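To be precise, the following lines are data18.cif, and they hold mmCIF, N, CA and C atoms.
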data_upload
loop_
_atom_site.label_atom_id
_atom_site.label_comp_id
_atom_site.auth_asym_id
_atom_site.auth_seq_id
_atom_site.Cartn_x
_atom_site.Cartn_y
_atom_site.Cartn_z
N MET D 1 77.19 3.09 134.01
CA MET D 1 76.66 3.05 135.36
C MET D 1 77.29 4.17 136.17
N SER D 2 76.50 4.75 137.03
CA SER D 2 77.02 5.77 137.93
C SER D 2 76.65 5.42 139.37
N ALA D 3 77.49 5.86 140.28
CA ALA D 3 77.31 5.54 141.69
C ALA D 3 77.00 6.81 142.46
N HIS D 4 76.00 6.73 143.32
CA HIS D 4 75.61 7.86 144.15
C HIS D 4 75.79 7.47 145.61
N ARG D 5 76.59 8.25 146.32
CA ARG D 5 76.87 7.98 147.73
C ARG D 5 76.12 8.99 148.59
N PHE D 6 75.48 8.52 149.65
CA PHE D 6 74.79 9.40 150.57
C PHE D 6 74.68 8.72 151.93
N ALA D 7 74.37 9.53 152.95
CA ALA D 7 74.25 9.03 154.32
C ALA D 7 72.80 8.65 154.61
N VAL D 8 72.64 7.62 155.43
CA VAL D 8 71.32 7.24 155.92
C VAL D 8 71.38 7.12 157.44
N ARG D 9 70.28 7.40 158.08
CA ARG D 9 70.14 7.23 159.53
C ARG D 9 69.10 6.14 159.73
N VAL D 10 69.52 5.05 160.37
CA VAL D 10 68.67 3.87 160.52
C VAL D 10 67.91 3.90 161.84
N LYS D 11 66.63 3.55 161.75
CA LYS D 11 65.79 3.39 162.93
C LYS D 11 65.33 1.93 162.95
N PRO D 12 66.07 1.05 163.62
CA PRO D 12 65.68 -0.36 163.66
C PRO D 12 64.50 -0.56 164.63
N GLY D 13 63.77 -1.64 164.44
CA GLY D 13 62.67 -1.99 165.34
C GLY D 13 61.44 -1.11 165.18
N ALA D 14 61.30 -0.47 164.04
CA ALA D 14 60.13 0.38 163.79
C ALA D 14 58.89 -0.49 163.57
N SER D 15 57.72 0.12 163.74
CA SER D 15 56.48 -0.63 163.55
C SER D 15 56.28 -1.01 162.09
N LYS D 16 56.84 -0.21 161.17
CA LYS D 16 56.78 -0.54 159.74
C LYS D 16 58.02 0.02 159.06
N SER D 17 58.37 -0.58 157.94
CA SER D 17 59.51 -0.09 157.18
C SER D 17 59.08 1.15 156.41
N PHE D 18 59.96 2.14 156.38
CA PHE D 18 59.64 3.41 155.74
C PHE D 18 60.94 4.13 155.39
N VAL D 19 61.00 4.70 154.22
CA VAL D 19 62.15 5.50 153.81
C VAL D 19 61.65 6.91 153.56
N GLY D 20 62.15 7.86 154.33
CA GLY D 20 61.75 9.24 154.13
C GLY D 20 62.06 10.09 155.34
N GLY D 21 62.35 11.35 155.07
CA GLY D 21 62.71 12.29 156.12
C GLY D 21 64.21 12.47 156.17
N SER D 22 64.62 13.43 156.98
CA SER D 22 66.05 13.69 157.09
C SER D 22 66.44 13.82 158.54
N TYR D 23 67.72 13.60 158.79
CA TYR D 23 68.28 13.65 160.14
C TYR D 23 69.61 14.37 160.08
N GLY D 24 69.78 15.38 160.93
CA GLY D 24 71.08 16.05 161.06
C GLY D 24 71.38 17.04 159.96
N ASP D 25 72.60 17.55 160.05
CA ASP D 25 73.09 18.52 159.08
C ASP D 25 74.57 18.24 158.84
N PRO D 26 74.98 17.78 157.67
CA PRO D 26 74.17 17.63 156.48
C PRO D 26 73.15 16.50 156.62
N ALA D 27 72.09 16.60 155.87
CA ALA D 27 70.96 15.69 156.01
C ALA D 27 71.30 14.26 155.60
N ALA D 28 70.89 13.34 156.47
CA ALA D 28 70.98 11.91 156.17
C ALA D 28 69.55 11.42 155.93
N LEU D 29 69.36 10.56 154.97
CA LEU D 29 68.05 9.99 154.68
C LEU D 29 67.66 9.02 155.79
N VAL D 30 66.47 9.18 156.35
CA VAL D 30 66.00 8.31 157.43
C VAL D 30 65.41 7.04 156.83
N VAL D 31 65.87 5.89 157.34
CA VAL D 31 65.37 4.58 156.91
C VAL D 31 64.92 3.83 158.16
N SER D 32 63.60 3.65 158.29
CA SER D 32 63.04 2.89 159.41
C SER D 32 62.77 1.47 158.93
N VAL D 33 63.18 0.49 159.73
CA VAL D 33 62.97 -0.92 159.37
C VAL D 33 62.41 -1.68 160.56
N ASN D 34 61.64 -2.73 160.27
CA ASN D 34 61.06 -3.58 161.31
C ASN D 34 62.13 -4.39 162.04
N ALA D 35 63.15 -4.79 161.33
CA ALA D 35 64.16 -5.70 161.86
C ALA D 35 64.94 -5.07 163.02
N GLN D 36 65.35 -5.93 163.93
CA GLN D 36 66.18 -5.52 165.06
C GLN D 36 67.65 -5.58 164.64
N PRO D 37 68.51 -4.80 165.29
CA PRO D 37 69.93 -4.80 164.93
C PRO D 37 70.67 -6.00 165.51
N VAL D 38 70.29 -7.19 165.07
CA VAL D 38 70.87 -8.44 165.56
C VAL D 38 71.29 -9.26 164.34
N ASP D 39 72.54 -9.71 164.35
CA ASP D 39 73.06 -10.59 163.29
C ASP D 39 72.89 -10.00 161.89
N GLY D 40 72.97 -8.68 161.76
CA GLY D 40 72.90 -8.04 160.45
C GLY D 40 71.51 -7.96 159.84
N LYS D 41 70.49 -8.33 160.61
CA LYS D 41 69.13 -8.32 160.05
C LYS D 41 68.67 -6.92 159.69
N ALA D 42 68.97 -5.94 160.54
CA ALA D 42 68.58 -4.57 160.24
C ALA D 42 69.33 -4.05 159.02
N THR D 43 70.59 -4.40 158.89
CA THR D 43 71.39 -3.96 157.74
C THR D 43 70.81 -4.52 156.45
N ASP D 44 70.45 -5.80 156.46
CA ASP D 44 69.83 -6.40 155.27
C ASP D 44 68.51 -5.72 154.95
N ALA D 45 67.74 -5.39 156.00
CA ALA D 45 66.46 -4.72 155.79
C ALA D 45 66.65 -3.30 155.24
N VAL D 46 67.71 -2.63 155.67
CA VAL D 46 68.02 -1.28 155.16
C VAL D 46 68.31 -1.36 153.66
N ILE D 47 69.12 -2.31 153.26
CA ILE D 47 69.44 -2.47 151.84
C ILE D 47 68.17 -2.71 151.03
N ALA D 48 67.31 -3.59 151.52
CA ALA D 48 66.06 -3.90 150.82
C ALA D 48 65.15 -2.67 150.75
N ALA D 49 65.06 -1.91 151.83
CA ALA D 49 64.19 -0.73 151.87
C ALA D 49 64.68 0.34 150.91
N ILE D 50 65.99 0.56 150.88
CA ILE D 50 66.55 1.57 149.96
C ILE D 50 66.35 1.13 148.52
N ALA D 51 66.61 -0.13 148.24
CA ALA D 51 66.42 -0.65 146.88
C ALA D 51 64.97 -0.46 146.43
N HIS D 52 64.04 -0.78 147.31
CA HIS D 52 62.62 -0.62 146.98
C HIS D 52 62.28 0.85 146.75
N ALA D 53 62.77 1.74 147.61
CA ALA D 53 62.47 3.17 147.50
C ALA D 53 62.97 3.78 146.20
N PHE D 54 64.09 3.26 145.69
CA PHE D 54 64.66 3.81 144.46
C PHE D 54 64.37 2.95 143.23
N GLY D 55 63.67 1.85 143.41
CA GLY D 55 63.31 1.01 142.27
C GLY D 55 64.50 0.31 141.64
N VAL D 56 65.44 -0.13 142.48
CA VAL D 56 66.61 -0.86 141.98
C VAL D 56 66.69 -2.22 142.68
N ARG D 57 67.59 -3.07 142.21
CA ARG D 57 67.80 -4.37 142.85
C ARG D 57 68.65 -4.20 144.12
N ASN D 58 68.47 -5.12 145.06
CA ASN D 58 69.28 -5.09 146.29
C ASN D 58 70.77 -5.08 145.97
N SER D 59 71.16 -5.76 144.92
CA SER D 59 72.58 -5.84 144.56
C SER D 59 73.15 -4.50 144.09
N GLN D 60 72.30 -3.53 143.81
CA GLN D 60 72.75 -2.21 143.39
C GLN D 60 72.94 -1.27 144.57
N VAL D 61 72.66 -1.75 145.78
CA VAL D 61 72.81 -0.95 147.00
C VAL D 61 73.91 -1.57 147.84
N GLU D 62 74.88 -0.75 148.23
CA GLU D 62 75.99 -1.24 149.05
C GLU D 62 76.22 -0.30 150.22
N ILE D 63 76.35 -0.86 151.40
CA ILE D 63 76.74 -0.07 152.57
C ILE D 63 78.26 -0.02 152.58
N VAL D 64 78.81 1.19 152.51
CA VAL D 64 80.27 1.32 152.41
C VAL D 64 80.92 1.73 153.72
N SER D 65 80.14 2.24 154.66
CA SER D 65 80.69 2.53 155.99
C SER D 65 79.55 2.58 157.00
N GLY D 66 79.92 2.33 158.26
CA GLY D 66 78.93 2.35 159.32
C GLY D 66 78.12 1.08 159.44
N HIS D 67 78.71 -0.04 159.11
CA HIS D 67 77.97 -1.31 159.10
C HIS D 67 77.28 -1.60 160.43
N THR D 68 77.89 -1.22 161.54
CA THR D 68 77.29 -1.50 162.85
C THR D 68 76.77 -0.23 163.54
N ALA D 69 76.74 0.87 162.81
CA ALA D 69 76.28 2.14 163.38
C ALA D 69 74.91 2.49 162.84
N ARG D 70 74.23 3.40 163.50
CA ARG D 70 72.93 3.85 163.00
C ARG D 70 73.08 4.77 161.79
N THR D 71 74.17 5.53 161.74
CA THR D 71 74.43 6.36 160.57
C THR D 71 75.37 5.59 159.65
N LYS D 72 74.92 5.38 158.45
CA LYS D 72 75.67 4.59 157.47
C LYS D 72 75.84 5.41 156.19
N HIS D 73 76.83 5.06 155.41
CA HIS D 73 76.99 5.63 154.08
C HIS D 73 76.74 4.51 153.08
N VAL D 74 75.88 4.80 152.12
CA VAL D 74 75.53 3.80 151.12
C VAL D 74 75.86 4.34 149.73
N VAL D 75 76.06 3.41 148.83
CA VAL D 75 76.25 3.73 147.43
C VAL D 75 75.18 2.97 146.65
N VAL D 76 74.46 3.71 145.81
CA VAL D 76 73.48 3.11 144.92
C VAL D 76 73.99 3.28 143.51
N THR D 77 74.11 2.19 142.79
CA THR D 77 74.60 2.20 141.42
C THR D 77 73.41 2.12 140.47
N ILE D 78 73.36 3.07 139.54
CA ILE D 78 72.24 3.13 138.60
C ILE D 78 72.75 3.37 137.19
N ASP D 79 71.88 3.18 136.23
CA ASP D 79 72.21 3.46 134.84
C ASP D 79 72.42 4.97 134.68
N ASP D 80 73.37 5.34 133.83
CA ASP D 80 73.69 6.75 133.62
C ASP D 80 72.49 7.59 133.20
N ASP D 81 71.59 7.01 132.42
CA ASP D 81 70.45 7.78 131.93
C ASP D 81 69.38 8.02 133.00
N LYS D 82 69.58 7.48 134.20
CA LYS D 82 68.61 7.66 135.28
C LYS D 82 69.13 8.55 136.40
N ASP D 83 70.24 9.25 136.17
CA ASP D 83 70.83 10.13 137.19
C ASP D 83 69.85 11.19 137.68
N VAL D 84 69.22 11.88 136.76
CA VAL D 84 68.31 12.97 137.14
C VAL D 84 67.14 12.42 137.94
N LEU D 85 66.57 11.31 137.50
CA LEU D 85 65.45 10.70 138.23
C LEU D 85 65.87 10.27 139.63
N PHE D 86 67.07 9.72 139.74
CA PHE D 86 67.57 9.30 141.05
C PHE D 86 67.69 10.49 142.00
N LEU D 87 68.29 11.57 141.53
CA LEU D 87 68.49 12.75 142.37
C LEU D 87 67.16 13.39 142.76
N GLU D 88 66.21 13.40 141.85
CA GLU D 88 64.87 13.91 142.17
C GLU D 88 64.22 13.05 143.25
N ARG D 89 64.35 11.73 143.11
CA ARG D 89 63.76 10.82 144.09
C ARG D 89 64.43 10.99 145.46
N LEU D 90 65.75 11.12 145.49
CA LEU D 90 66.45 11.33 146.75
C LEU D 90 65.97 12.62 147.42
N ASN D 91 65.85 13.67 146.66
CA ASN D 91 65.36 14.94 147.21
C ASN D 91 63.93 14.80 147.74
N GLU D 92 63.10 14.10 147.01
CA GLU D 92 61.72 13.85 147.44
C GLU D 92 61.69 13.08 148.76
N LEU D 93 62.51 12.05 148.86
CA LEU D 93 62.54 11.23 150.08
C LEU D 93 63.08 12.02 151.27
N LEU D 94 64.07 12.85 151.06
CA LEU D 94 64.63 13.65 152.15
C LEU D 94 63.60 14.61 152.73
N HIS D 95 62.63 15.02 151.93
CA HIS D 95 61.62 15.97 152.39
C HIS D 95 60.29 15.31 152.72
N LYS D 96 60.26 13.99 152.69
CA LYS D 96 59.03 13.25 152.97
C LYS D 96 58.90 13.02 154.47
N LEU D 97 57.70 13.12 154.97
CA LEU D 97 57.44 12.86 156.39
C LEU D 97 56.89 11.45 156.55
N ASN D 98 57.14 10.86 157.71
CA ASN D 98 56.66 9.51 158.01
C ASN D 98 55.15 9.50 157.94
N GLU D 99 54.62 8.61 157.11
CA GLU D 99 53.16 8.53 156.92
C GLU D 99 52.53 7.63 157.94
#
As structure tokens - that is how I would like this structure written.
Amino acid sequence: MSAHRFAVRVKPGASKSFVGGSYGDPAALVVSVNAQPVDGKATDAVIAAIAHAFGVRNSQVEIVSGHTARTKHVVVTIDDDKDVLFLERLNELLHKLNE
């Protein structure tokens, strides 16, 4: 198993959940979620959205810093043989525009 750490910028209260785009420099992956930032609901929604975007289980996504901030650092743990696919998907998502 290998772990990939990257920054995300959360947009809570969005009209729909969406993972894609970048924010800032260095680029953070933008994660828009329907949930409001109350009682950890947005954080749970961020984990679910990232897991769905990368095709992994929620348990493979961990927020390691920024639990109460809009900019968070997450770690996604994946099988070693899927490293290249993960990095390609991350790059694709960073360059994706909100549909």
Item to check | Residues within 12 Å of (78.2, 6.8, 145.4), counting only C-alpha atoms, listed as a PyMOL selection string | outcome: chain D and resi 1-7+60-65+73-78+83+86-87
Let me see the file: selected residues, N, CA and C atoms, as a JSON list (two decimals), keeping the file's coordinate frame.
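Produced file part.json, reproduced below:
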[["chain", "number", "residue", "atom", "x", "y", "z"],
["D", 1, "MET", "N", 77.19, 3.09, 134.01],
["D", 1, "MET", "CA", 76.66, 3.05, 135.36],
["D", 1, "MET", "C", 77.29, 4.17, 136.17],
["D", 2, "SER", "N", 76.50, 4.75, 137.03],
["D", 2, "SER", "CA", 77.02, 5.77, 137.93],
["D", 2, "SER", "C", 76.65, 5.42, 139.37],
["D", 3, "ALA", "N", 77.49, 5.86, 140.28],
["D", 3, "ALA", "CA", 77.31, 5.54, 141.69],
["D", 3, "ALA", "C", 77.00, 6.81, 142.46],
["D", 4, "HIS", "N", 76.00, 6.73, 143.32],
["D", 4, "HIS", "CA", 75.61, 7.86, 144.15],
["D", 4, "HIS", "C", 75.79, 7.47, 145.61],
["D", 5, "ARG", "N", 76.59, 8.25, 146.32],
["D", 5, "ARG", "CA", 76.87, 7.98, 147.73],
["D", 5, "ARG", "C", 76.12, 8.99, 148.59],
["D", 6, "PHE", "N", 75.48, 8.52, 149.65],
["D", 6, "PHE", "CA", 74.79, 9.40, 150.57],
["D", 6, "PHE", "C", 74.68, 8.72, 151.93],
["D", 7, "ALA", "N", 74.37, 9.53, 152.95],
["D", 7, "ALA", "CA", 74.25, 9.03, 154.32],
["D", 7, "ALA", "C", 72.80, 8.65, 154.61],
["D", 60, "GLN", "N", 72.30, -3.53, 143.81],
["D", 60, "GLN", "CA", 72.75, -2.21, 143.39],
["D", 60, "GLN", "C", 72.94, -1.27, 144.57],
["D", 61, "VAL", "N", 72.66, -1.75, 145.78],
["D", 61, "VAL", "CA", 72.81, -0.95, 147.00],
["D", 61, "VAL", "C", 73.91, -1.57, 147.84],
["D", 62, "GLU", "N", 74.88, -0.75, 148.23],
["D", 62, "GLU", "CA", 75.99, -1.24, 149.05],
["D", 62, "GLU", "C", 76.22, -0.30, 150.22],
["D", 63, "ILE", "N", 76.35, -0.86, 151.40],
["D", 63, "ILE", "CA", 76.74, -0.07, 152.57],
["D", 63, "ILE", "C", 78.26, -0.02, 152.58],
["D", 64, "VAL", "N", 78.81, 1.19, 152.51],
["D", 64, "VAL", "CA", 80.27, 1.32, 152.41],
["D", 64, "VAL", "C", 80.92, 1.73, 153.72],
["D", 65, "SER", "N", 80.14, 2.24, 154.66],
["D", 65, "SER", "CA", 80.69, 2.53, 155.99],
["D", 65, "SER", "C", 79.55, 2.58, 157.00],
["D", 73, "HIS", "N", 76.83, 5.06, 155.41],
["D", 73, "HIS", "CA", 76.99, 5.63, 154.08],
["D", 73, "HIS", "C", 76.74, 4.51, 153.08],
["D", 74, "VAL", "N", 75.88, 4.80, 152.12],
["D", 74, "VAL", "CA", 75.53, 3.80, 151.12],
["D", 74, "VAL", "C", 75.86, 4.34, 149.73],
["D", 75, "VAL", "N", 76.06, 3.41, 148.83],
["D", 75, "VAL", "CA", 76.25, 3.73, 147.43],
["D", 75, "VAL", "C", 75.18, 2.97, 146.65],
["D", 76, "VAL", "N", 74.46, 3.71, 145.81],
["D", 76, "VAL", "CA", 73.48, 3.11, 144.92],
["D", 76, "VAL", "C", 73.99, 3.28, 143.51],
["D", 77, "THR", "N", 74.11, 2.19, 142.79],
["D", 77, "THR", "CA", 74.60, 2.20, 141.42],
["D", 77, "THR", "C", 73.41, 2.12, 140.47],
["D", 78, "ILE", "N", 73.36, 3.07, 139.54],
["D", 78, "ILE", "CA", 72.24, 3.13, 138.60],
["D", 78, "ILE", "C", 72.75, 3.37, 137.19],
["D", 83, "ASP", "N", 70.24, 9.25, 136.17],
["D", 83, "ASP", "CA", 70.83, 10.13, 137.19],
["D", 83, "ASP", "C", 69.85, 11.19, 137.68],
["D", 86, "PHE", "N", 67.07, 9.72, 139.74],
["D", 86, "PHE", "CA", 67.57, 9.30, 141.05],
["D", 86, "PHE", "C", 67.69, 10.49, 142.00],
["D", 87, "LEU", "N", 68.29, 11.57, 141.53],
["D", 87, "LEU", "CA", 68.49, 12.75, 142.37],
["D", 87, "LEU", "C", 67.16, 13.39, 142.76]]
Checklist entry - For Ala27 of chain D, which residue out of D:Gly40, D:Ala14, D:Leu85, D:Arg9 is the nearest one, using all atoms listed in the file? => result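 Selected residue with least distance to Ala27 of chain D: D:Arg9.
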Checklist entry - Smallest atom-to-atom distance to Pro12 of chain D: which of D:His95, D:Arg70, D:Arg89, D:Arg57, using all atoms listed in the file? => result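 Closest to Pro12 of chain D, using all atoms listed in the file: D:Arg70.
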Item to check | Backbone-only DSSP, helix (DSSP H, G or I) members of chain D, as a ChimeraX atom specification | outcome: /D:41-54,58-60,80-94
Write a file of the just-selected residues containing N, CA and C atoms, as an mmCIF file, in the frame of the given file.
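Dumped to result-v7.cif:
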data_model
loop_
_atom_site.group_PDB
_atom_site.id
_atom_site.type_symbol
_atom_site.label_atom_id
_atom_site.label_comp_id
_atom_site.auth_asym_id
_atom_site.auth_seq_id
_atom_site.Cartn_x
_atom_site.Cartn_y
_atom_site.Cartn_z
ATOM 1 N N LYS D 41 70.490 -8.330 160.610
ATOM 2 C CA LYS D 41 69.130 -8.320 160.050
ATOM 3 C C LYS D 41 68.670 -6.920 159.690
ATOM 4 N N ALA D 42 68.970 -5.940 160.540
ATOM 5 C CA ALA D 42 68.580 -4.570 160.240
ATOM 6 C C ALA D 42 69.330 -4.050 159.020
ATOM 7 N N THR D 43 70.590 -4.400 158.890
ATOM 8 C CA THR D 43 71.390 -3.960 157.740
ATOM 9 C C THR D 43 70.810 -4.520 156.450
ATOM 10 N N ASP D 44 70.450 -5.800 156.460
ATOM 11 C CA ASP D 44 69.830 -6.400 155.270
ATOM 12 C C ASP D 44 68.510 -5.720 154.950
ATOM 13 N N ALA D 45 67.740 -5.390 156.000
ATOM 14 C CA ALA D 45 66.460 -4.720 155.790
ATOM 15 C C ALA D 45 66.650 -3.300 155.240
ATOM 16 N N VAL D 46 67.710 -2.630 155.670
ATOM 17 C CA VAL D 46 68.020 -1.280 155.160
ATOM 18 C C VAL D 46 68.310 -1.360 153.660
ATOM 19 N N ILE D 47 69.120 -2.310 153.260
ATOM 20 C CA ILE D 47 69.440 -2.470 151.840
ATOM 21 C C ILE D 47 68.170 -2.710 151.030
ATOM 22 N N ALA D 48 67.310 -3.590 151.520
ATOM 23 C CA ALA D 48 66.060 -3.900 150.820
ATOM 24 C C ALA D 48 65.150 -2.670 150.750
ATOM 25 N N ALA D 49 65.060 -1.910 151.830
ATOM 26 C CA ALA D 49 64.190 -0.730 151.870
ATOM 27 C C ALA D 49 64.680 0.340 150.910
ATOM 28 N N ILE D 50 65.990 0.560 150.880
ATOM 29 C CA ILE D 50 66.550 1.570 149.960
ATOM 30 C C ILE D 50 66.350 1.130 148.520
ATOM 31 N N ALA D 51 66.610 -0.130 148.240
ATOM 32 C CA ALA D 51 66.420 -0.650 146.880
ATOM 33 C C ALA D 51 64.970 -0.460 146.430
ATOM 34 N N HIS D 52 64.040 -0.780 147.310
ATOM 35 C CA HIS D 52 62.620 -0.620 146.980
ATOM 36 C C HIS D 52 62.280 0.850 146.750
ATOM 37 N N ALA D 53 62.770 1.740 147.610
ATOM 38 C CA ALA D 53 62.470 3.170 147.500
ATOM 39 C C ALA D 53 62.970 3.780 146.200
ATOM 40 N N PHE D 54 64.090 3.260 145.690
ATOM 41 C CA PHE D 54 64.660 3.810 144.460
ATOM 42 C C PHE D 54 64.370 2.950 143.230
ATOM 43 N N ASN D 58 68.470 -5.120 145.060
ATOM 44 C CA ASN D 58 69.280 -5.090 146.290
ATOM 45 C C ASN D 58 70.770 -5.080 145.970
ATOM 46 N N SER D 59 71.160 -5.760 144.920
ATOM 47 C CA SER D 59 72.580 -5.840 144.560
ATOM 48 C C SER D 59 73.150 -4.500 144.090
ATOM 49 N N GLN D 60 72.300 -3.530 143.810
ATOM 50 C CA GLN D 60 72.750 -2.210 143.390
ATOM 51 C C GLN D 60 72.940 -1.270 144.570
ATOM 52 N N ASP D 80 73.370 5.340 133.830
ATOM 53 C CA ASP D 80 73.690 6.750 133.620
ATOM 54 C C ASP D 80 72.490 7.590 133.200
ATOM 55 N N ASP D 81 71.590 7.010 132.420
ATOM 56 C CA ASP D 81 70.450 7.780 131.930
ATOM 57 C C ASP D 81 69.380 8.020 133.000
ATOM 58 N N LYS D 82 69.580 7.480 134.200
ATOM 59 C CA LYS D 82 68.610 7.660 135.280
ATOM 60 C C LYS D 82 69.130 8.550 136.400
ATOM 61 N N ASP D 83 70.240 9.250 136.170
ATOM 62 C CA ASP D 83 70.830 10.130 137.190
ATOM 63 C C ASP D 83 69.850 11.190 137.680
ATOM 64 N N VAL D 84 69.220 11.880 136.760
ATOM 65 C CA VAL D 84 68.310 12.970 137.140
ATOM 66 C C VAL D 84 67.140 12.420 137.940
ATOM 67 N N LEU D 85 66.570 11.310 137.500
ATOM 68 C CA LEU D 85 65.450 10.700 138.230
ATOM 69 C C LEU D 85 65.870 10.270 139.630
ATOM 70 N N PHE D 86 67.070 9.720 139.740
ATOM 71 C CA PHE D 86 67.570 9.300 141.050
ATOM 72 C C PHE D 86 67.690 10.490 142.000
ATOM 73 N N LEU D 87 68.290 11.570 141.530
ATOM 74 C CA LEU D 87 68.490 12.750 142.370
ATOM 75 C C LEU D 87 67.160 13.390 142.760
ATOM 76 N N GLU D 88 66.210 13.400 141.850
ATOM 77 C CA GLU D 88 64.870 13.910 142.170
ATOM 78 C C GLU D 88 64.220 13.050 143.250
ATOM 79 N N ARG D 89 64.350 11.730 143.110
ATOM 80 C CA ARG D 89 63.760 10.820 144.090
ATOM 81 C C ARG D 89 64.430 10.990 145.460
ATOM 82 N N LEU D 90 65.750 11.120 145.490
ATOM 83 C CA LEU D 90 66.450 11.330 146.750
ATOM 84 C C LEU D 90 65.970 12.620 147.420
ATOM 85 N N ASN D 91 65.850 13.670 146.660
ATOM 86 C CA ASN D 91 65.360 14.940 147.210
ATOM 87 C C ASN D 91 63.930 14.800 147.740
ATOM 88 N N GLU D 92 63.100 14.100 147.010
ATOM 89 C CA GLU D 92 61.720 13.850 147.440
ATOM 90 C C GLU D 92 61.690 13.080 148.760
ATOM 91 N N LEU D 93 62.510 12.050 148.860
ATOM 92 C CA LEU D 93 62.540 11.230 150.080
ATOM 93 C C LEU D 93 63.080 12.020 151.270
ATOM 94 N N LEU D 94 64.070 12.850 151.060
ATOM 95 C CA LEU D 94 64.630 13.650 152.150
ATOM 96 C C LEU D 94 63.600 14.610 152.730
#
Checklist entry - Asn58 of chain D: which residues within 8 Å, counting all atoms listed in the file, same-chain residues fewer than 6 positions away excluded, as a PyMOL selection string? => result chain D and resi 47-52
Next on the checklist: Could you list, as an MDAnalysis selection string, every residue matched by the PyMOL selection byres ((chain D and resi 18) around 5) in this structure?
Outcome noted: chainID D and resid 16:17 19:20 31:33
Item to check | Result set, the PyMOL selection byres (((chain D and resi 36 and name CA) around 10) and name CA) on current file, as a list in words | outcome: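 This file, filtered by the PyMOL selection byres (((chain D and resi 36 and name CA) around 10) and name CA), leaves Lys11, Pro12, Gly13, Ala14, Val33, Asn34, Ala35, Pro37, Val38, Asp39, Gly40, Lys41, Ala42, Thr43 and Ala45 of chain D.
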Just to be explicit: take each residue in the selection above, keep N, CA and C atoms, and write the result as a PDB file, keeping the file's coordinate frame.
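This is the output file out_22.pdb:
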ATOM      1  N   LYS D  11      66.630   3.550 161.750  1.00  0.00           N
ATOM      2  CA  LYS D  11      65.790   3.390 162.930  1.00  0.00           C
ATOM      3  C   LYS D  11      65.330   1.930 162.950  1.00  0.00           C
ATOM      4  N   PRO D  12      66.070   1.050 163.620  1.00  0.00           N
ATOM      5  CA  PRO D  12      65.680  -0.360 163.660  1.00  0.00           C
ATOM      6  C   PRO D  12      64.500  -0.560 164.630  1.00  0.00           C
ATOM      7  N   GLY D  13      63.770  -1.640 164.440  1.00  0.00           N
ATOM      8  CA  GLY D  13      62.670  -1.990 165.340  1.00  0.00           C
ATOM      9  C   GLY D  13      61.440  -1.110 165.180  1.00  0.00           C
ATOM     10  N   ALA D  14      61.300  -0.470 164.040  1.00  0.00           N
ATOM     11  CA  ALA D  14      60.130   0.380 163.790  1.00  0.00           C
ATOM     12  C   ALA D  14      58.890  -0.490 163.570  1.00  0.00           C
ATOM     13  N   VAL D  33      63.180   0.490 159.730  1.00  0.00           N
ATOM     14  CA  VAL D  33      62.970  -0.920 159.370  1.00  0.00           C
ATOM     15  C   VAL D  33      62.410  -1.680 160.560  1.00  0.00           C
ATOM     16  N   ASN D  34      61.640  -2.730 160.270  1.00  0.00           N
ATOM     17  CA  ASN D  34      61.060  -3.580 161.310  1.00  0.00           C
ATOM     18  C   ASN D  34      62.130  -4.390 162.040  1.00  0.00           C
ATOM     19  N   ALA D  35      63.150  -4.790 161.330  1.00  0.00           N
ATOM     20  CA  ALA D  35      64.160  -5.700 161.860  1.00  0.00           C
ATOM     21  C   ALA D  35      64.940  -5.070 163.020  1.00  0.00           C
ATOM     22  N   PRO D  37      68.510  -4.800 165.290  1.00  0.00           N
ATOM     23  CA  PRO D  37      69.930  -4.800 164.930  1.00  0.00           C
ATOM     24  C   PRO D  37      70.670  -6.000 165.510  1.00  0.00           C
ATOM     25  N   VAL D  38      70.290  -7.190 165.070  1.00  0.00           N
ATOM     26  CA  VAL D  38      70.870  -8.440 165.560  1.00  0.00           C
ATOM     27  C   VAL D  38      71.290  -9.260 164.340  1.00  0.00           C
ATOM     28  N   ASP D  39      72.540  -9.710 164.350  1.00  0.00           N
ATOM     29  CA  ASP D  39      73.060 -10.590 163.290  1.00  0.00           C
ATOM     30  C   ASP D  39      72.890 -10.000 161.890  1.00  0.00           C
ATOM     31  N   GLY D  40      72.970  -8.680 161.760  1.00  0.00           N
ATOM     32  CA  GLY D  40      72.900  -8.040 160.450  1.00  0.00           C
ATOM     33  C   GLY D  40      71.510  -7.960 159.840  1.00  0.00           C
ATOM     34  N   LYS D  41      70.490  -8.330 160.610  1.00  0.00           N
ATOM     35  CA  LYS D  41      69.130  -8.320 160.050  1.00  0.00           C
ATOM     36  C   LYS D  41      68.670  -6.920 159.690  1.00  0.00           C
ATOM     37  N   ALA D  42      68.970  -5.940 160.540  1.00  0.00           N
ATOM     38  CA  ALA D  42      68.580  -4.570 160.240  1.00  0.00           C
ATOM     39  C   ALA D  42      69.330  -4.050 159.020  1.00  0.00           C
ATOM     40  N   THR D  43      70.590  -4.400 158.890  1.00  0.00           N
ATOM     41  CA  THR D  43      71.390  -3.960 157.740  1.00  0.00           C
ATOM     42  C   THR D  43      70.810  -4.520 156.450  1.00  0.00           C
ATOM     43  N   ALA D  45      67.740  -5.390 156.000  1.00  0.00           N
ATOM     44  CA  ALA D  45      66.460  -4.720 155.790  1.00  0.00           C
ATOM     45  C   ALA D  45      66.650  -3.300 155.240  1.00  0.00           C
TER      46      ALA D  45
END
Box time for segment 61-71 of chain D: axis-aligned, enclosing all its listed atoms, 3 Å extra on each side; report centre and edge lengths in Å to one decimal, as JSON.
{"center_x": 76.8, "center_y": 2.3, "center_z": 154.7, "size_x": 14.3, "size_y": 14.1, "size_z": 23.8}
Checklist entry - atom CA of Glu88 of chain D and atom CA of Thr68 of chain D are how many Å apart? => result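 Value for the atom CA of Glu88 of chain D-atom CA of Thr68 of chain D distance: 28.6 Å.
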Checklist entry - By how many Å are atom CA of Leu94 of chain D and atom C of Phe54 of chain D apart? => result 13.9 Å
Checklist entry - Using only N, CA and C atoms, which of the listed residues (D:Lys82, D:Gly66, D:Val10, D:Asp44) sits closest to Ala28 of chain D? => result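 Residue with the minimum atom-to-atom distance to Ala28 of chain D: D:Val10.
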Checklist entry - Please, what distance in Å, to one decimal, runs between atom N of Val30 of chain D and atom CA of Val84 of chain D? => result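 A separation of 19.7 Å between them.
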